[in-house]
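One file, model-v6.cif, is given below (mmCIF, C-alpha atoms).
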data_upload
loop_
_atom_site.label_atom_id
_atom_site.label_comp_id
_atom_site.auth_asym_id
_atom_site.auth_seq_id
_atom_site.Cartn_x
_atom_site.Cartn_y
_atom_site.Cartn_z
CA VAL J 4 16.13 0.68 -1.32
CA GLN J 5 14.02 1.10 -4.44
CA LEU J 6 10.35 0.22 -4.57
CA GLN J 7 8.44 -0.78 -7.67
CA ALA J 8 4.67 -0.83 -7.42
CA SER J 9 2.28 -2.36 -9.91
CA GLY J 10 -1.27 -3.58 -10.25
CA GLY J 11 -3.28 -0.40 -10.44
CA GLY J 12 -5.96 0.06 -13.03
CA LEU J 13 -9.67 0.35 -13.55
CA ALA J 14 -12.27 -1.64 -11.66
CA GLN J 15 -15.99 -1.45 -11.22
CA ALA J 16 -17.56 -0.80 -7.86
CA GLY J 17 -17.72 -4.07 -5.98
CA GLY J 18 -14.79 -5.44 -7.90
CA SER J 19 -11.24 -6.27 -6.90
CA LEU J 20 -7.69 -5.28 -7.66
CA ARG J 21 -4.38 -6.47 -6.31
CA LEU J 22 -1.42 -4.18 -5.89
CA SER J 23 2.15 -5.41 -5.58
CA CYS J 24 5.30 -3.65 -4.50
CA VAL J 25 8.78 -5.11 -4.74
CA ALA J 26 11.64 -3.74 -2.68
CA SER J 27 15.21 -3.99 -3.91
CA GLY J 28 16.39 -4.99 -0.44
CA SER J 29 15.11 -6.26 2.86
CA VAL J 30 13.01 -3.89 4.90
CA ASN J 31 11.23 -4.05 8.21
CA ILE J 32 7.89 -2.36 7.70
CA MET J 33 5.91 -2.07 4.50
CA ALA J 34 2.79 -0.05 3.98
CA TRP J 35 0.38 1.30 1.45
CA TYR J 36 -0.74 4.90 1.30
CA ARG J 37 -3.11 6.67 -1.05
CA GLN J 38 -3.51 10.21 -2.20
CA TYR J 39 -6.56 11.98 -3.51
CA PRO J 40 -6.17 15.01 -5.80
CA GLY J 41 -5.35 18.10 -3.80
CA ARG J 42 -5.01 16.20 -0.54
CA GLN J 43 -2.19 14.82 1.55
CA ARG J 44 -1.17 11.23 1.31
CA GLU J 45 -3.00 9.05 3.82
CA TRP J 46 -2.10 5.72 5.34
CA VAL J 47 -4.14 2.68 4.22
CA ALA J 48 -2.51 -0.44 5.63
CA VAL J 49 0.76 -1.52 7.22
CA ILE J 50 2.52 -4.81 7.87
CA ASN J 51 5.70 -5.53 9.78
CA SER J 52 8.26 -8.22 9.13
CA GLY J 53 6.48 -10.55 11.53
CA GLY J 54 3.21 -10.24 9.66
CA ALA J 55 1.33 -8.03 12.10
CA THR J 56 -1.08 -5.77 10.24
CA ASN J 57 -3.15 -2.70 10.78
CA TYR J 58 -5.70 -0.95 8.61
CA HIS J 59 -7.35 2.40 8.20
CA ASP J 60 -10.96 2.14 9.29
CA SER J 61 -12.19 2.97 5.80
CA VAL J 62 -10.71 -0.24 4.34
CA LYS J 63 -11.11 -2.71 7.20
CA GLY J 64 -12.84 -5.87 6.05
CA ARG J 65 -12.27 -4.99 2.39
CA PHE J 66 -8.50 -4.70 1.93
CA THR J 67 -5.87 -7.22 2.95
CA ILE J 68 -2.16 -6.46 3.18
CA SER J 69 0.32 -9.31 3.04
CA ARG J 70 3.99 -9.79 2.31
CA ASP J 71 6.48 -12.33 1.07
CA ASN J 72 9.69 -11.63 2.95
CA ALA J 73 11.71 -13.94 0.71
CA LYS J 74 10.71 -11.80 -2.26
CA ASN J 75 10.75 -8.47 -0.40
CA THR J 76 7.26 -7.95 -1.76
CA VAL J 77 4.12 -6.51 -0.23
CA TYR J 78 0.64 -6.95 -1.63
CA LEU J 79 -2.63 -5.14 -1.17
CA GLN J 80 -5.68 -7.18 -2.07
CA MET J 81 -8.55 -4.76 -2.54
CA ASN J 82 -12.03 -6.23 -2.58
CA SER J 83 -15.48 -4.66 -2.57
CA LEU J 84 -14.01 -1.57 -4.14
CA LYS J 85 -15.87 1.71 -3.87
CA PRO J 86 -15.62 4.83 -6.03
CA GLU J 87 -14.09 6.60 -3.04
CA ASP J 88 -11.15 4.20 -3.24
CA THR J 89 -10.13 5.97 -6.43
CA ALA J 90 -6.71 7.44 -5.73
CA VAL J 91 -3.04 7.09 -6.46
CA TYR J 92 -1.63 4.35 -4.25
CA TYR J 93 1.93 4.46 -2.96
CA CYS J 94 4.09 1.80 -1.42
CA LYS J 95 6.27 2.74 1.53
CA ALA J 96 9.02 0.78 3.23
CA VAL J 97 10.89 1.42 6.43
CA ARG J 98 14.30 -0.02 7.13
CA VAL J 99 15.46 0.04 10.73
CA THR J 100 19.15 -0.18 11.55
CA ALA J 101 21.29 0.53 14.57
CA ARG J 102 21.69 4.06 13.23
CA GLY J 103 17.97 4.71 13.02
CA SER J 104 15.22 4.28 10.47
CA SER J 105 14.88 5.31 6.85
CA ASP J 106 11.73 5.67 4.79
CA TYR J 107 11.48 4.77 1.14
CA TRP J 108 8.67 5.45 -1.31
CA GLY J 109 7.73 3.92 -4.59
CA LYS J 110 6.10 5.70 -7.49
CA GLY J 111 2.36 5.73 -7.28
CA THR J 112 -0.02 3.49 -9.14
CA LEU J 113 -3.45 4.81 -10.07
CA VAL J 114 -6.55 2.95 -8.99
CA THR J 115 -9.81 4.05 -10.54
CA VAL J 116 -13.13 2.61 -9.41
CA SER J 117 -16.16 3.35 -11.52
CA SER J 118 -19.67 3.40 -10.12
#
Mind turning this structure into structure tokens?
Amino acid sequence: VQLQASGGGLAQAGGSLRLSCVASGSVNIMAWYRQYPGRQREWVAVINSGGATNYHDSVKGRFTISRDNAKNTVYLQMNSLKPEDTAVYYCKAVRVTARGSSDYWGKGTLVTVSS
């Protein structure tokens, strides 16, 4: 499975951006992570194939993850952006089969929020 993320860019504090990630095949779980310079990647939001979601406390009420299973696409709507949201955002997908699960990562997309 290959993942192609897009939608990063520059936004002002309080503004919005929408990230998209398209998977080349069907997957079970899709998630967004972000990475600050010099730090480990951290989980931001996750959604399963049934639409159940979960969010990191730092983005609850501001970010919304959604997916279009027919298009194998996951979105991250980011509202009320803060300078501390500046990071490289990565899309992750998990495919579960009878043999186990496999993780796939897309290339990161940079989000920069100016104060």
Practice problem: Extract, using all atoms listed in the file, all DNA, RNA and protein residues at most 8 Å from Ser23 of chain J, discarding same-chain residues fewer than 4 positions from it, and format them as a count of residues only. | Solution: 7
Practice problem: Check which residues satisfy the PyMOL selection byres ((chain J and resi 103-110) around 9) in the file shown, then give them as a PyMOL selection string. | Solution: chain J and resi 4-8+24+26+92-102+111-112
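Selection result for the displayed file, with the PyMOL selection byres ((chain J and resi 86) around 9) as criterion, is Gln15, Ala16, Leu84, Lys85, Glu87, Asp88, Thr89, Thr115, Val116, Ser117 and Ser118 of chain J.
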Would you output that residue set with C-alpha atoms, as an mmCIF file, in the coordinates of the input?
data_model
loop_
_atom_site.group_PDB
_atom_site.id
_atom_site.type_symbol
_atom_site.label_atom_id
_atom_site.label_comp_id
_atom_site.auth_asym_id
_atom_site.auth_seq_id
_atom_site.Cartn_x
_atom_site.Cartn_y
_atom_site.Cartn_z
ATOM 1 C CA GLN J 15 -15.990 -1.450 -11.220
ATOM 2 C CA ALA J 16 -17.560 -0.800 -7.860
ATOM 3 C CA LEU J 84 -14.010 -1.570 -4.140
ATOM 4 C CA LYS J 85 -15.870 1.710 -3.870
ATOM 5 C CA GLU J 87 -14.090 6.600 -3.040
ATOM 6 C CA ASP J 88 -11.150 4.200 -3.240
ATOM 7 C CA THR J 89 -10.130 5.970 -6.430
ATOM 8 C CA THR J 115 -9.810 4.050 -10.540
ATOM 9 C CA VAL J 116 -13.130 2.610 -9.410
ATOM 10 C CA SER J 117 -16.160 3.350 -11.520
ATOM 11 C CA SER J 118 -19.670 3.400 -10.120
#
Quiz item: Which of these residues is nearest to Gln80 of chain J, using all atoms listed in the file: J:Asn51, J:Leu20, J:Leu13, J:Lys63?
Solution: J:Leu20
Quiz item: Which residues fall under the PyMOL selection byres ((chain J and resi 74) around 10) in this file, as a list in words?
Solution: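 With the PyMOL selection byres ((chain J and resi 74) around 10) on this model, the match is Val25, Ala26, Ser27, Gly28, Ser29, Arg70, Asp71, Asn72, Ala73, Asn75, Thr76 and Val77 of chain J.
Going from atom CA of Gly41 of chain J over to atom CA of Val114 of chain J, you cover 16.1 Å.
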Self-check item: From J:Ser52, J:Met81, J:Gly12, J:Arg42, residue lying nearest Val30 of chain J [all atoms listed in the file]
Solution: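 Smallest distance to Val30 of chain J is found for J:Ser52.
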With segment 43-46 of chain J as the partner and 10 Å as the cut-off, tabulate the residues of segment 58-90 of chain J that qualify, each row holding the nearest pair of atoms and their distance in Å to one decimal, using all atoms listed in the file, sorted by chain and rising number, as JSON lines.
{"residue": "J:Tyr58", "atom": "CA", "partner": "J:Trp46", "partner_atom": "CA", "distance": 8.3}
{"residue": "J:His59", "atom": "CA", "partner": "J:Trp46", "partner_atom": "CA", "distance": 6.8}
{"residue": "J:Ala90", "atom": "CA", "partner": "J:Arg44", "partner_atom": "CA", "distance": 9.7}
Quiz item: Which one of J:Val49, J:Asp60, J:Thr67, J:Arg37 sits closest to Gly11 of chain J if you count all atoms listed in the file?
Solution: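 Closest candidate: J:Arg37.
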Exercise. For atom CA of Ser61 of chain J and atom CA of Leu113 of chain J, quote the distance in Å rounded to one decimal.
Key: 18.2 Å
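For the pair atom CA of Val47 of chain J and atom CA of Val62 of chain J, the separation is 7.2 Å.
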Quiz item: Of the candidates J:Ser69, J:Gln38, J:Asn31, J:Asn82, which one gets nearest to Gly18 of chain J if we count all atoms listed in the file?
Solution: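 Using all atoms listed in the file, the shortest distance to Gly18 of chain J belongs to J:Asn82.
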